[in-house]
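Asks: Input file: final20.txt. Contents: compact mmCIF, C-alpha atoms.
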```
# COMPACT_ATOMS: atom_id res chain seq x y z
CA GLN A 1 -29.61 117.99 -68.74
CA LEU A 2 -30.80 118.41 -65.15
CA HIS A 3 -28.79 121.59 -64.68
CA ILE A 4 -30.24 123.16 -67.83
CA ASP A 5 -33.76 122.38 -66.64
CA MET A 6 -32.89 124.19 -63.41
CA GLU A 7 -31.90 127.20 -65.54
CA ASP A 8 -28.60 127.56 -63.78
CA GLU A 9 -26.29 127.90 -66.75
CA ASP A 10 -23.14 128.45 -64.72
CA LYS A 11 -23.59 125.14 -62.90
CA ALA A 12 -24.54 123.43 -66.15
CA ALA A 13 -21.41 124.78 -67.82
CA SER A 14 -19.28 123.51 -64.96
CA TYR A 15 -20.88 120.06 -65.23
CA TYR A 16 -20.45 119.93 -69.02
CA LYS A 17 -16.81 121.03 -68.74
CA LYS A 18 -16.04 118.36 -66.13
CA ASN A 19 -17.81 115.76 -68.24
CA LEU A 20 -15.90 116.83 -71.35
CA ASP A 21 -12.56 116.78 -69.53
CA ALA A 22 -13.28 113.29 -68.18
CA LYS A 23 -14.31 111.94 -71.60
CA ASP A 24 -11.26 113.54 -73.22
CA ALA A 25 -8.97 111.97 -70.62
CA GLU A 26 -10.49 108.57 -71.38
CA GLY A 27 -10.38 109.12 -75.15
CA ILE A 28 -14.14 108.65 -75.44
CA GLU A 29 -16.09 110.19 -78.33
CA GLY A 30 -19.83 110.20 -78.87
CA PRO A 31 -23.10 112.00 -78.32
CA ASP A 32 -22.12 113.16 -74.81
CA ILE A 33 -19.08 114.91 -76.23
CA VAL A 34 -21.09 116.62 -78.94
CA GLU A 35 -23.75 117.78 -76.47
CA SER A 36 -21.08 119.13 -74.11
CA LEU A 37 -19.20 120.92 -76.88
CA LEU A 38 -22.35 122.51 -78.26
CA PHE A 39 -23.57 123.69 -74.88
CA LEU A 40 -20.17 125.09 -73.93
CA ALA A 41 -19.74 126.82 -77.30
CA ASN A 42 -23.07 128.60 -76.89
CA TYR A 43 -22.50 129.35 -73.21
CA CYS A 44 -19.04 130.83 -73.80
CA THR A 45 -20.32 132.92 -76.70
CA GLN A 46 -23.11 134.34 -74.53
CA LYS A 47 -20.65 135.09 -71.71
CA GLY A 48 -18.16 136.75 -74.08
CA PHE A 49 -15.48 134.06 -73.76
CA LEU A 50 -15.02 134.07 -77.51
CA ALA A 51 -11.67 132.28 -77.73
CA GLU A 52 -13.00 129.37 -75.68
CA ALA A 53 -16.23 129.30 -77.67
CA GLU A 54 -14.24 129.20 -80.88
CA GLY A 55 -12.22 126.23 -79.62
CA PHE A 56 -15.37 124.27 -78.81
CA CYS A 57 -16.81 125.09 -82.25
CA VAL A 58 -13.66 123.97 -84.03
CA ARG A 59 -13.89 120.62 -82.26
CA LEU A 60 -17.52 120.30 -83.33
CA LEU A 61 -16.47 120.61 -86.97
CA ASP A 62 -14.98 117.11 -86.66
CA PHE A 63 -18.48 115.68 -86.22
CA SER A 64 -21.21 115.36 -88.82
CA GLY A 65 -24.83 116.39 -88.68
CA ARG A 66 -26.79 119.26 -87.24
CA GLU A 67 -24.15 120.10 -84.63
CA LYS A 68 -21.52 120.73 -87.29
CA GLU A 69 -23.82 123.19 -89.03
CA GLU A 70 -24.61 124.89 -85.72
CA ALA A 71 -20.88 125.19 -85.05
CA LYS A 72 -20.33 126.85 -88.43
CA ALA A 73 -23.08 129.38 -87.73
CA LEU A 74 -21.72 130.03 -84.24
CA LEU A 75 -18.20 130.54 -85.62
CA GLN A 76 -19.62 133.20 -87.94
CA GLU A 77 -21.33 134.86 -84.97
CA ILE A 78 -18.07 134.75 -82.98
CA HIS A 79 -16.21 136.30 -85.91
CA ASN A 80 -18.81 139.10 -86.08
CA LEU A 81 -18.57 139.70 -82.32
CA LYS A 82 -14.78 139.91 -82.53
CA GLN A 83 -15.02 142.43 -85.37
CA GLN A 84 -17.48 144.46 -83.33
CA GLN A 85 -15.14 144.42 -80.33
CA LYS A 86 -12.29 145.70 -82.50
CA LEU A 87 -14.42 148.58 -83.72
CA ASN A 88 -15.37 149.51 -80.17
CA THR A 89 -11.79 149.69 -78.90
```
Before we go any further, please render this structure as structure tokens.
Replies:
Amino acid sequence: QLHIDMEDEDKAASYYKKNLDAKDAEGIEGPDIVESLLFLANYCTQKGFLAEAEGFCVRLLDFSGREKEEAKALLQEIHNLKQQQKLNT
């Protein structure tokens, strides 16, 4: 949260990724995981890392609530961006 407040998304993304990797290694699930996945999905989409963003979204589909719905919407956006990229090449 601190890194987001500082508006340094690259540092925030690095922090969230490290946090996610550590939680995954420990087999821990919970709100921290969901927050990390959602941030990283949005960050990667904005940066154009669509395959990574898609992977984070797919993981979010395993959770219930608002985040799952956000992941579905983001997956649709990613799909649209991929279609647009195909048309531009």
Asks: Might you pull out every residue within 9 Å of Lys72 of chain A, with all atoms listed in the file counted and same-chain residues fewer than 4 positions away left off, and present them as a ChimeraX atom specification?
Replies: /A:57-58,60-61,67-68,76-77
Asks: Just checking: using all atoms listed in the file, which residue out of A:Glu54, A:Phe49, A:Ser14, A:Leu40 ends up closest to Leu74 of chain A?
Replies: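 Under the stated criterion, the closest residue is A:Glu54.
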Asks: Rank A:Lys82, A:Tyr16, A:Ser64, A:Leu87 by their smallest atom-to-atom distance to Glu35 of chain A, using all atoms listed in the file, and report the top residue only.
Replies: A:Tyr16
Asks: When you draw a straight line from atom CA of Glu29 of chain A to atom CA of Gly48 of chain A, how long is it in Å?
Replies: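 Atom CA of Glu29 of chain A sits 27.0 Å away from atom CA of Gly48 of chain A.
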Asks: Write out as a list of chain:residue names each polymer residue whose atoms come within 7 Å of Cys44 of chain A, counting only C-alpha atoms; drop sequence neighbours fewer than 6 positions from it.
Replies: A:Leu50, A:Glu52, A:Ala53
Asks: With C-alpha atoms retained, write the just-selected residues as a PDB file, keeping the file's coordinate frame.
Replies:
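Output (again-v1.pdb):
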```pdb
ATOM      1  CA  LEU A  50     -15.020 134.070 -77.510  1.00  0.00           C
ATOM      2  CA  GLU A  52     -13.000 129.370 -75.680  1.00  0.00           C
ATOM      3  CA  ALA A  53     -16.230 129.300 -77.670  1.00  0.00           C
TER       4      ALA A  53
END
```
Asks: Could you tell me how far atom CA of Ala41 of chain A sits from atom CA of Ala25 of chain A, in Å to one decimal place?
Replies: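 Interatomic distance here is 19.5 Å.
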Asks: Quick one: pull the distance between atom CA of Phe56 of chain A and atom CA of Leu37 of chain A, Å, one decimal.
Replies: 5.4 Å
Asks: For Gln46 of chain A, which residue among A:Arg59, A:Ile78, A:Ala12, A:Gln83 is the nearest when counting only C-alpha atoms?
Replies: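 Going through A:Arg59, A:Ile78, A:Ala12, A:Gln83 one by one, the smallest distance to Gln46 of chain A is for A:Ile78.
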Asks: For Asp24 of chain A, find every residue with an atom within 12 Å (counting all atoms listed in the file), except residues of its own chain fewer than 4 positions away, and show them as a list in words.
Replies: Tyr16, Lys17, Lys18, Asn19, Leu20, Ile28, Glu29, Gly30, Asp32, Ile33, Val34, Ser36, Leu37 and Arg59 of chain A
